[in-house]
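Student: Next comes structure18.json, JSON, C-alpha atoms:
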```json
[["chain", "number", "residue", "atom", "x", "y", "z"],
["A", 214, "MET", "CA", 271.76, 131.52, 18.78],
["A", 215, "LYS", "CA", 273.46, 128.22, 18.16],
["A", 216, "LEU", "CA", 276.32, 127.98, 15.66],
["A", 217, "MET", "CA", 277.86, 124.89, 14.06],
["A", 218, "ILE", "CA", 281.23, 125.20, 12.29],
["A", 219, "VAL", "CA", 281.92, 122.81, 9.40],
["A", 220, "ASP", "CA", 285.42, 122.74, 7.92],
["A", 221, "ASP", "CA", 287.98, 119.98, 7.39],
["A", 222, "SER", "CA", 290.74, 122.28, 8.65],
["A", 223, "ASN", "CA", 291.22, 122.32, 12.41],
["A", 224, "ILE", "CA", 292.91, 125.72, 12.31],
["A", 225, "ILE", "CA", 290.01, 127.25, 10.37],
["A", 226, "ARG", "CA", 287.49, 125.78, 12.83],
["A", 227, "SER", "CA", 289.54, 127.28, 15.67],
["A", 228, "ARG", "CA", 289.84, 130.66, 13.92],
["A", 229, "ILE", "CA", 286.10, 130.87, 13.39],
["A", 230, "ALA", "CA", 285.45, 129.81, 17.00],
["A", 231, "ARG", "CA", 287.85, 132.49, 18.31],
["A", 232, "ALA", "CA", 286.25, 135.10, 16.07],
["A", 233, "THR", "CA", 282.88, 134.50, 17.76],
["A", 234, "LEU", "CA", 284.37, 135.96, 20.96],
["A", 235, "GLN", "CA", 284.05, 139.42, 19.35],
["A", 236, "SER", "CA", 281.43, 141.59, 21.03],
["A", 237, "SER", "CA", 279.18, 141.68, 17.94],
["A", 238, "LEU", "CA", 278.92, 137.88, 18.04],
["A", 239, "GLN", "CA", 278.43, 137.38, 21.76],
["A", 240, "ARG", "CA", 274.95, 135.99, 21.21],
["A", 241, "LEU", "CA", 276.43, 133.03, 19.34],
["A", 242, "GLN", "CA", 277.00, 129.80, 21.18],
["A", 243, "ILE", "CA", 279.04, 127.13, 19.41],
["A", 244, "VAL", "CA", 277.20, 123.82, 19.60],
["A", 245, "GLY", "CA", 279.32, 121.76, 17.25],
["A", 246, "LEU", "CA", 282.52, 121.53, 15.25],
["A", 247, "ALA", "CA", 282.36, 119.18, 12.27],
["A", 248, "CYS", "CA", 285.24, 118.18, 10.01],
["A", 249, "ASN", "CA", 283.09, 116.69, 7.26],
["A", 250, "GLY", "CA", 279.55, 116.60, 5.92],
["A", 251, "ASN", "CA", 278.45, 113.41, 7.68],
["A", 252, "GLU", "CA", 279.57, 114.72, 11.05],
["A", 253, "ALA", "CA", 277.71, 117.97, 10.33],
["A", 254, "VAL", "CA", 274.47, 116.08, 9.65],
["A", 255, "ASN", "CA", 274.83, 114.12, 12.91],
["A", 256, "ILE", "CA", 275.47, 117.28, 14.94],
["A", 257, "CYS", "CA", 272.55, 119.01, 13.27],
["A", 258, "VAL", "CA", 270.20, 116.21, 14.36],
["A", 259, "ARG", "CA", 271.46, 116.26, 17.96],
["A", 260, "LYS", "CA", 272.09, 119.98, 18.56],
["A", 261, "ALA", "CA", 269.70, 121.79, 16.18],
["A", 262, "PRO", "CA", 271.94, 124.76, 15.32],
["A", 263, "ASP", "CA", 270.46, 128.03, 14.02],
["A", 264, "LEU", "CA", 273.48, 129.01, 11.92],
["A", 265, "VAL", "CA", 276.20, 127.07, 10.14],
["A", 266, "THR", "CA", 279.52, 128.07, 8.60],
["A", 267, "MET", "CA", 280.20, 125.64, 5.78],
["A", 268, "ASP", "CA", 283.40, 124.76, 3.91],
["A", 269, "LEU", "CA", 282.89, 123.37, 0.40],
["A", 270, "THR", "CA", 286.01, 121.33, -0.39],
["A", 271, "MET", "CA", 285.93, 118.46, 2.06],
["A", 272, "PRO", "CA", 286.63, 114.75, 1.71],
["A", 273, "GLY", "CA", 283.51, 112.57, 1.48],
["A", 274, "MET", "CA", 280.26, 114.53, 1.41],
["A", 275, "ASN", "CA", 281.17, 117.94, -0.01],
["A", 276, "GLY", "CA", 279.81, 121.26, 1.20],
["A", 277, "ILE", "CA", 277.13, 121.63, -1.48],
["A", 278, "GLU", "CA", 275.73, 118.16, -0.71],
["A", 279, "CYS", "CA", 275.90, 118.96, 2.98],
["A", 280, "ILE", "CA", 273.94, 122.21, 2.55],
["A", 281, "GLU", "CA", 271.11, 120.25, 0.92],
["A", 282, "ALA", "CA", 271.16, 117.56, 3.59],
["A", 283, "LEU", "CA", 271.09, 120.10, 6.43],
["A", 284, "LEU", "CA", 268.29, 122.15, 4.91],
["A", 285, "GLU", "CA", 266.21, 119.03, 4.52],
["A", 286, "LEU", "CA", 266.59, 118.47, 8.26],
["A", 287, "ALA", "CA", 266.20, 122.11, 9.24],
["A", 288, "PRO", "CA", 264.70, 124.32, 6.53],
["A", 289, "ARG", "CA", 265.10, 127.56, 8.52],
["A", 290, "LEU", "CA", 268.79, 127.01, 9.15],
["A", 291, "ARG", "CA", 271.03, 129.90, 8.00],
["A", 292, "ILE", "CA", 274.18, 128.77, 6.20],
["A", 293, "LEU", "CA", 277.27, 130.88, 5.49],
["A", 294, "VAL", "CA", 279.64, 129.24, 3.03],
["A", 295, "ILE", "CA", 283.30, 129.96, 3.78],
["A", 296, "SER", "CA", 285.39, 128.68, 0.90],
["A", 297, "ALA", "CA", 288.55, 129.36, -1.06],
["A", 298, "LEU", "CA", 286.68, 128.54, -4.29],
["A", 299, "SER", "CA", 286.47, 132.00, -5.80],
["A", 300, "ASP", "CA", 284.71, 131.45, -9.13],
["A", 301, "LYS", "CA", 281.28, 132.99, -9.55],
["A", 302, "ALA", "CA", 279.65, 129.76, -10.72],
["A", 303, "THR", "CA", 280.42, 127.96, -7.46],
["A", 304, "ALA", "CA", 279.12, 130.84, -5.35],
["A", 305, "ILE", "CA", 275.93, 130.99, -7.41],
["A", 306, "GLU", "CA", 275.44, 127.24, -7.13],
["A", 307, "ALA", "CA", 275.89, 127.34, -3.34],
["A", 308, "LEU", "CA", 273.32, 130.13, -3.06],
["A", 309, "LYS", "CA", 270.91, 128.30, -5.38],
["A", 310, "ARG", "CA", 271.20, 125.17, -3.26],
["A", 311, "GLY", "CA", 270.16, 127.14, -0.21],
["A", 312, "ALA", "CA", 273.21, 128.89, 1.31],
["A", 313, "HIS", "CA", 272.47, 132.38, 2.60],
["A", 314, "GLY", "CA", 275.91, 133.94, 2.22],
["A", 315, "TYR", "CA", 279.33, 133.30, 0.69],
["A", 316, "LEU", "CA", 282.62, 134.41, 2.23],
["A", 317, "HIS", "CA", 285.89, 133.82, 0.42],
["A", 318, "LYS", "CA", 289.00, 132.49, 2.12],
["A", 319, "PRO", "CA", 291.30, 134.03, 3.15],
["A", 320, "PHE", "CA", 288.92, 136.00, 5.39],
["A", 321, "THR", "CA", 289.51, 138.51, 8.16],
["A", 322, "ASP", "CA", 287.75, 138.30, 11.53],
["A", 323, "ALA", "CA", 285.96, 141.56, 10.70],
["A", 324, "ARG", "CA", 284.52, 140.20, 7.45],
["A", 325, "LEU", "CA", 283.45, 137.01, 9.16],
["A", 326, "ALA", "CA", 281.75, 138.93, 11.95],
["A", 327, "SER", "CA", 279.95, 141.14, 9.47],
["A", 328, "ALA", "CA", 278.68, 138.14, 7.48],
["A", 329, "LEU", "CA", 277.50, 136.30, 10.61],
["A", 330, "VAL", "CA", 275.76, 139.39, 12.03],
["A", 331, "GLU", "CA", 273.87, 139.74, 8.76],
["A", 332, "LEU", "CA", 272.64, 136.15, 9.01],
["A", 333, "MET", "CA", 271.71, 136.55, 12.68],
["A", 334, "GLU", "CA", 269.65, 139.64, 11.84],
["A", 335, "ASP", "CA", 268.01, 137.84, 8.95],
["A", 336, "LEU", "CA", 267.08, 134.93, 11.20],
["A", 337, "GLU", "CA", 265.70, 137.27, 13.88],
["A", 338, "ALA", "CA", 263.60, 139.10, 11.29],
["A", 339, "ASP", "CA", 262.28, 135.77, 10.05],
["A", 340, "ARG", "CA", 261.31, 134.77, 13.58],
["A", 341, "GLY", "CA", 259.56, 138.09, 14.07],
["B", 135, "MET", "CA", 298.78, 119.56, -23.43],
["B", 136, "ALA", "CA", 299.27, 123.33, -23.61],
["B", 137, "ASP", "CA", 301.42, 124.98, -20.94],
["B", 138, "MET", "CA", 300.54, 127.94, -18.75],
["B", 139, "THR", "CA", 300.93, 131.53, -19.87],
["B", 140, "ASP", "CA", 302.69, 134.29, -17.91],
["B", 141, "ASN", "CA", 299.31, 135.79, -17.03],
["B", 142, "GLU", "CA", 298.10, 132.49, -15.64],
["B", 143, "LEU", "CA", 301.25, 132.22, -13.53],
["B", 144, "LYS", "CA", 300.52, 135.72, -12.19],
["B", 145, "ILE", "CA", 297.13, 134.50, -10.96],
["B", 146, "PHE", "CA", 298.90, 132.12, -8.58],
["B", 147, "ILE", "CA", 301.48, 134.73, -7.55],
["B", 148, "ASN", "CA", 298.67, 137.15, -6.72],
["B", 149, "ALA", "CA", 296.79, 134.45, -4.80],
["B", 150, "VAL", "CA", 299.74, 133.60, -2.55],
["B", 151, "THR", "CA", 300.74, 137.23, -1.90],
["B", 152, "HIS", "CA", 297.10, 138.09, -1.18],
["B", 153, "TYR", "CA", 296.91, 135.26, 1.36],
["B", 154, "PHE", "CA", 299.74, 136.65, 3.49],
["B", 155, "ALA", "CA", 298.73, 140.29, 2.99],
["B", 156, "GLN", "CA", 295.20, 139.52, 4.16],
["B", 157, "LEU", "CA", 296.00, 137.35, 7.15],
["B", 158, "THR", "CA", 299.33, 138.56, 8.52],
["B", 159, "ARG", "CA", 301.05, 141.80, 9.35],
["B", 160, "GLU", "CA", 303.84, 141.12, 6.86],
["B", 161, "PRO", "CA", 303.31, 140.66, 3.14],
["B", 162, "ALA", "CA", 305.07, 137.87, 1.30],
["B", 163, "THR", "CA", 307.56, 138.96, -1.32],
["B", 164, "VAL", "CA", 308.37, 137.05, -4.48],
["B", 165, "ARG", "CA", 312.13, 136.50, -4.72],
["B", 166, "ALA", "CA", 312.17, 134.56, -7.97],
["B", 167, "ALA", "CA", 309.91, 132.77, -10.41],
["B", 168, "TYR", "CA", 311.47, 130.22, -12.73],
["B", 169, "LEU", "CA", 311.05, 126.96, -14.57],
["B", 170, "ALA", "CA", 312.43, 124.32, -12.23],
["B", 171, "ASN", "CA", 314.86, 121.95, -13.88],
["B", 172, "GLY", "CA", 315.99, 118.82, -12.14],
["B", 173, "GLU", "CA", 315.52, 119.02, -8.37],
["B", 174, "ILE", "CA", 311.95, 119.77, -7.29],
["B", 175, "PRO", "CA", 312.11, 122.63, -4.76],
["B", 176, "HIS", "CA", 310.57, 121.93, -1.35],
["B", 177, "PHE", "CA", 310.87, 122.49, 2.40],
["B", 178, "ASP", "CA", 309.87, 120.29, 5.35],
["B", 179, "TYR", "CA", 306.10, 120.78, 5.09],
["B", 180, "THR", "CA", 304.13, 120.65, 1.85],
["B", 181, "GLY", "CA", 300.46, 121.01, 0.97],
["B", 182, "LEU", "CA", 299.67, 119.46, -2.40],
["B", 183, "ILE", "CA", 296.55, 120.00, -4.50],
["B", 184, "THR", "CA", 295.87, 117.80, -7.49],
["B", 185, "VAL", "CA", 294.14, 119.45, -10.43],
["B", 186, "SER", "CA", 291.76, 117.70, -12.78],
["B", 187, "GLY", "CA", 288.90, 118.56, -15.11],
["B", 188, "ARG", "CA", 289.83, 120.69, -18.13],
["B", 189, "TYR", "CA", 293.26, 121.18, -16.59],
["B", 190, "ARG", "CA", 295.80, 118.62, -15.44],
["B", 191, "GLY", "CA", 298.58, 118.91, -12.93],
["B", 192, "CYS", "CA", 299.15, 120.05, -9.38],
["B", 193, "VAL", "CA", 299.85, 123.05, -7.20],
["B", 194, "TYR", "CA", 301.85, 122.82, -4.02],
["B", 195, "PHE", "CA", 303.03, 125.17, -1.30],
["B", 196, "SER", "CA", 306.02, 124.21, 0.81],
["B", 197, "THR", "CA", 307.74, 125.88, 3.74],
["B", 198, "SER", "CA", 309.52, 125.22, 7.03],
["B", 199, "GLY", "CA", 308.06, 124.30, 10.40],
["B", 200, "ASP", "CA", 309.32, 127.62, 11.79],
["B", 201, "ALA", "CA", 307.38, 129.54, 9.15],
["B", 202, "LEU", "CA", 304.20, 127.61, 9.93],
["B", 203, "ARG", "CA", 304.60, 128.11, 13.69],
["B", 204, "ALA", "CA", 305.02, 131.86, 13.06],
["B", 205, "LEU", "CA", 301.89, 131.83, 10.89],
["B", 206, "LEU", "CA", 299.85, 130.03, 13.57],
["B", 207, "LEU", "CA", 301.08, 132.61, 16.07],
["B", 208, "GLU", "CA", 299.68, 135.32, 13.76],
["B", 209, "PHE", "CA", 296.36, 133.44, 13.82],
["B", 210, "ARG", "CA", 296.51, 133.37, 17.66],
["B", 211, "GLU", "CA", 296.37, 129.58, 17.36],
["B", 212, "PRO", "CA", 297.73, 128.14, 20.63],
["B", 213, "ASP", "CA", 298.14, 124.57, 19.31],
["B", 214, "ARG", "CA", 301.27, 124.59, 17.18],
["B", 215, "ARG", "CA", 301.88, 120.85, 17.14],
["B", 216, "GLU", "CA", 302.77, 118.82, 14.06],
["B", 217, "SER", "CA", 299.15, 118.09, 13.09],
["B", 218, "ASN", "CA", 298.32, 121.78, 12.95],
["B", 219, "LEU", "CA", 301.49, 122.60, 10.98],
["B", 220, "LEU", "CA", 300.35, 120.10, 8.36],
["B", 221, "ASP", "CA", 296.82, 121.48, 8.52],
["B", 222, "ALA", "CA", 298.14, 125.02, 7.97],
["B", 223, "VAL", "CA", 300.28, 124.15, 4.96],
["B", 224, "GLY", "CA", 297.37, 122.23, 3.42],
["B", 225, "GLU", "CA", 295.02, 125.13, 3.98],
["B", 226, "ILE", "CA", 297.42, 127.56, 2.30],
["B", 227, "ALA", "CA", 297.66, 125.31, -0.76],
["B", 228, "ASN", "CA", 293.89, 124.89, -0.82],
["B", 229, "THR", "CA", 293.30, 128.63, -0.57],
["B", 230, "ILE", "CA", 295.76, 129.48, -3.35],
["B", 231, "ALA", "CA", 294.33, 126.88, -5.73],
["B", 232, "GLY", "CA", 290.75, 127.80, -4.83],
["B", 233, "ASN", "CA", 291.39, 131.51, -5.36],
["B", 234, "ALA", "CA", 292.88, 130.75, -8.79],
["B", 235, "ARG", "CA", 289.40, 129.62, -9.86],
["B", 236, "ARG", "CA", 288.41, 133.28, -9.97],
["B", 237, "HIS", "CA", 290.39, 133.28, -13.25],
["B", 238, "PHE", "CA", 290.20, 129.66, -14.40],
["B", 239, "GLY", "CA", 286.60, 128.99, -13.41],
["B", 240, "ARG", "CA", 285.22, 125.75, -12.02],
["B", 241, "GLU", "CA", 286.82, 123.78, -14.84],
["B", 242, "LEU", "CA", 289.92, 123.91, -12.64],
["B", 243, "GLU", "CA", 288.82, 121.05, -10.42],
["B", 244, "ILE", "CA", 290.89, 120.86, -7.27],
["B", 245, "SER", "CA", 291.31, 118.05, -4.76],
["B", 246, "ALA", "CA", 291.27, 118.35, -1.01],
["B", 247, "PRO", "CA", 294.86, 119.02, 0.08],
["B", 248, "VAL", "CA", 297.31, 116.21, 0.72],
["B", 249, "THR", "CA", 299.86, 117.21, 3.35],
["B", 250, "ILE", "CA", 303.39, 115.85, 3.36],
["B", 251, "ARG", "CA", 306.21, 116.04, 5.88],
["B", 252, "GLY", "CA", 309.78, 115.62, 4.69],
["B", 253, "VAL", "CA", 310.87, 113.38, 1.81],
["B", 254, "PRO", "CA", 309.11, 114.49, -1.35],
["B", 255, "GLU", "CA", 308.51, 111.19, -3.16],
["B", 256, "GLN", "CA", 304.82, 111.99, -3.32],
["B", 257, "ILE", "CA", 305.63, 115.41, -4.75],
["B", 258, "LYS", "CA", 308.01, 114.02, -7.35],
["B", 259, "SER", "CA", 305.40, 111.59, -8.61],
["B", 260, "ALA", "CA", 302.80, 114.37, -8.90],
["B", 261, "VAL", "CA", 304.93, 116.95, -10.72],
["B", 262, "ARG", "CA", 306.06, 116.90, -14.34],
["B", 263, "ALA", "CA", 309.65, 117.55, -15.39],
["B", 264, "ARG", "CA", 309.67, 121.38, -15.53],
["B", 265, "PRO", "CA", 307.07, 123.07, -13.31],
["B", 266, "PHE", "CA", 306.97, 126.78, -12.47],
["B", 267, "ALA", "CA", 308.52, 127.51, -9.08],
["B", 268, "ILE", "CA", 307.87, 130.74, -7.21],
["B", 269, "GLN", "CA", 310.26, 131.45, -4.34],
["B", 270, "LEU", "CA", 308.83, 133.54, -1.55],
["B", 271, "ASP", "CA", 309.97, 135.28, 1.56],
["B", 272, "TRP", "CA", 307.52, 135.86, 4.38],
["B", 273, "SER", "CA", 308.68, 137.37, 7.66],
["B", 274, "ASN", "CA", 312.26, 136.16, 7.00],
["B", 275, "HIS", "CA", 311.04, 132.63, 6.26],
["B", 276, "ASP", "CA", 311.55, 130.91, 2.92],
["B", 277, "ALA", "CA", 308.72, 129.22, 1.07],
["B", 278, "VAL", "CA", 308.06, 127.98, -2.41],
["B", 279, "MET", "CA", 304.93, 127.55, -4.46],
["B", 280, "VAL", "CA", 305.11, 125.21, -7.42],
["B", 281, "VAL", "CA", 302.55, 125.29, -10.21],
["B", 282, "ASP", "CA", 302.37, 122.54, -12.77],
["B", 283, "LEU", "CA", 299.27, 123.12, -14.82],
["B", 284, "ALA", "CA", 298.36, 122.29, -18.38],
["B", 285, "LEU", "CA", 295.20, 122.64, -20.40],
["B", 286, "GLU", "CA", 293.94, 119.41, -21.90],
["B", 287, "GLU", "CA", 293.56, 119.94, -25.66]]
```
Translate this structure into structure tokens?
Tutor:
Amino acid sequence: MKLMIVDDSNIIRSRIARATLQSSLQRLQIVGLACNGNEAVNICVRKAPDLVTMDLTMPGMNGIECIEALLELAPRLRILVISALSDKATAIEALKRGAHGYLHKPFTDARLASALVELMEDLEADRG
Amino acid sequence: MADMTDNELKIFINAVTHYFAQLTREPATVRAAYLANGEIPHFDYTGLITVSGRYRGCVYFSTSGDALRALLLEFREPDRRESNLLDAVGEIANTIAGNARRHFGRELEISAPVTIRGVPEQIKSAVRARPFAIQLDWSNHDAVMVVDLALEE
């Protein structure tokens, strides 16, 4: 399965990429690293990822807007929001706009793996 | 504008101690929390978040390059150059301010982090006269978090 990582922080993109080396995530192949929403849309068009990790607070197009843009391009895409924004209203809004999971920063590798595995299983079930 | 309460200050203290407890093998300890008079406390690297919406002000986290290199080592991040030190300090500030929304709600609108190296002119212009300063120790490194937040009435 193809994963795109969207976050304006280089160290967070790297952390997520390193976390995918865990055995439970071996089926994931990183096809793109985007530091903002526009870059994410471009990568989505070119690489057609199956899963996306999505930051919310980014300069330019924010994460919520990006979720909507990506789902318009690829309605079956699975999106895991990874954000420091810890209020319930933001999490609910992200889920309403189409995100499939919400992981708070700071996150551990174990929590990230668990959230991604859940999305991978959901996608596999959807594909039959 | 109304100033912060002790409980609101604790939200930020909990957010910063949680950050280090969650991501590193050593918790951060709070050495002092006080109203800063005069000199604005800072170290070489600062991540600054501007707050708007129902609240006004800023939150910043500041520490040394050595502390940030040690943190990146904890993350197993091999690239510990200047750009990643700035990235790290910005991400800490962003995480603390974002986590504070668990209490304040989305009416605490936060900016993307601005990262600053060295001379704090940008900090001075963002902070009011007497912000709350929280001095921290993490793994024998000094750091400070400054919270200047007021509710618009």
Student: With a cut-off of 10 Å and counting all atoms listed in the file, select all residues of chain B in contact with chain A and give the selection as a VMD selection string.
Tutor: chain B and resid 149 152 to 158 206 209 to 214 217 to 222 224 to 247
Student: When you count only C-alpha atoms, which of these residues is closest to Gly199 in chain B: B:Leu283, B:Gly187, B:Val164, B:Val223?
Tutor: B:Val223
Student: How many Å lie between CA of Met333 in chain A and CA of Ile256 in chain A, rounded to one decimal?
Tutor: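 Separation of CA of Met333 in chain A and CA of Ile256 in chain A: 19.8 Å.
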Student: State, in Å with one decimal place, the distance from CA of Thr151 in chain B to CA of His275 in chain B.
Tutor: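 A separation of 13.9 Å between them.
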Student: One decimal, in Å: what's the spacing between CA of Ala307 in chain A and CA of Thr249 in chain B?
Tutor: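 Computed distance, CA of Ala307 in chain A to CA of Thr249 in chain B, equals 26.9 Å.
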Student: Ranking A:Leu293, A:Cys257, A:Glu281, A:Asn249 by minimum distance to Ala326 in chain A and counting all atoms listed in the file, which one comes first?
Tutor: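 Checking each of A:Leu293, A:Cys257, A:Glu281, A:Asn249 against Ala326 in chain A, counting all atoms listed in the file, the winner is A:Leu293.
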Student: Select, from A:Glu331, A:Asn255, A:Cys279, A:Asp339, the residue with the minimum atom-to-atom distance to Ser237 in chain A, counting only C-alpha atoms.
Tutor: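 Residue with the minimum atom-to-atom distance to Ser237 in chain A: A:Glu331.
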Student: Considering only C-alpha atoms, state which residue in the set B:Pro175, B:Val150, B:Ser196, B:Leu143 is at the smallest distance from Val281 in chain B.
Tutor: B:Leu143
Student: Using all atoms of range 266-280 of chain A that appear in the file, construct an axis-aligned enclosing box with 6 Å of padding on every side and provide its centre coordinates and edge lengths in Å, rounded to one decimal, as AutoDock Vina command-line options.
Tutor:
```
--center_x 280.3 --center_y 120.3 --center_z 3.6 --size_x 24.7 --size_y 27.5 --size_z 22.1
```
Student: Name the closest residue to Arg190 in chain B among the candidates B:Ala267, B:Met138, B:Ala170, B:Ile257; distances are taken between atoms, counting only C-alpha atoms.
Tutor: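 Looking only at the distances to Arg190 in chain B, the closest residue turns out to be B:Met138.
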Student: Pick out the closest residue to Arg240 in chain A from this set: A:Ile292, A:Leu325, A:Leu216, A:Ile280. Count all atoms listed in the file.
Tutor: A:Leu216
Student: Using all atoms listed in the file, collect all residues at a distance of at most 9 Å from (306.2, 122.4, 7.3) as written in the file, then present them as a PDB file with C-alpha atoms, keeping the file's coordinate frame.
Tutor:
```pdb
ATOM      1  CA  PHE B 177     310.870 122.490   2.400  1.00  0.00           C
ATOM      2  CA  ASP B 178     309.870 120.290   5.350  1.00  0.00           C
ATOM      3  CA  TYR B 179     306.100 120.780   5.090  1.00  0.00           C
ATOM      4  CA  THR B 180     304.130 120.650   1.850  1.00  0.00           C
ATOM      5  CA  GLY B 181     300.460 121.010   0.970  1.00  0.00           C
ATOM      6  CA  SER B 196     306.020 124.210   0.810  1.00  0.00           C
ATOM      7  CA  THR B 197     307.740 125.880   3.740  1.00  0.00           C
ATOM      8  CA  SER B 198     309.520 125.220   7.030  1.00  0.00           C
ATOM      9  CA  GLY B 199     308.060 124.300  10.400  1.00  0.00           C
ATOM     10  CA  ASP B 200     309.320 127.620  11.790  1.00  0.00           C
ATOM     11  CA  ALA B 201     307.380 129.540   9.150  1.00  0.00           C
ATOM     12  CA  LEU B 202     304.200 127.610   9.930  1.00  0.00           C
ATOM     13  CA  ARG B 203     304.600 128.110  13.690  1.00  0.00           C
ATOM     14  CA  GLU B 216     302.770 118.820  14.060  1.00  0.00           C
ATOM     15  CA  LEU B 219     301.490 122.600  10.980  1.00  0.00           C
ATOM     16  CA  LEU B 220     300.350 120.100   8.360  1.00  0.00           C
ATOM     17  CA  ALA B 222     298.140 125.020   7.970  1.00  0.00           C
ATOM     18  CA  VAL B 223     300.280 124.150   4.960  1.00  0.00           C
ATOM     19  CA  ILE B 250     303.390 115.850   3.360  1.00  0.00           C
ATOM     20  CA  ARG B 251     306.210 116.040   5.880  1.00  0.00           C
ATOM     21  CA  GLY B 252     309.780 115.620   4.690  1.00  0.00           C
TER      22      GLY B 252
END
```
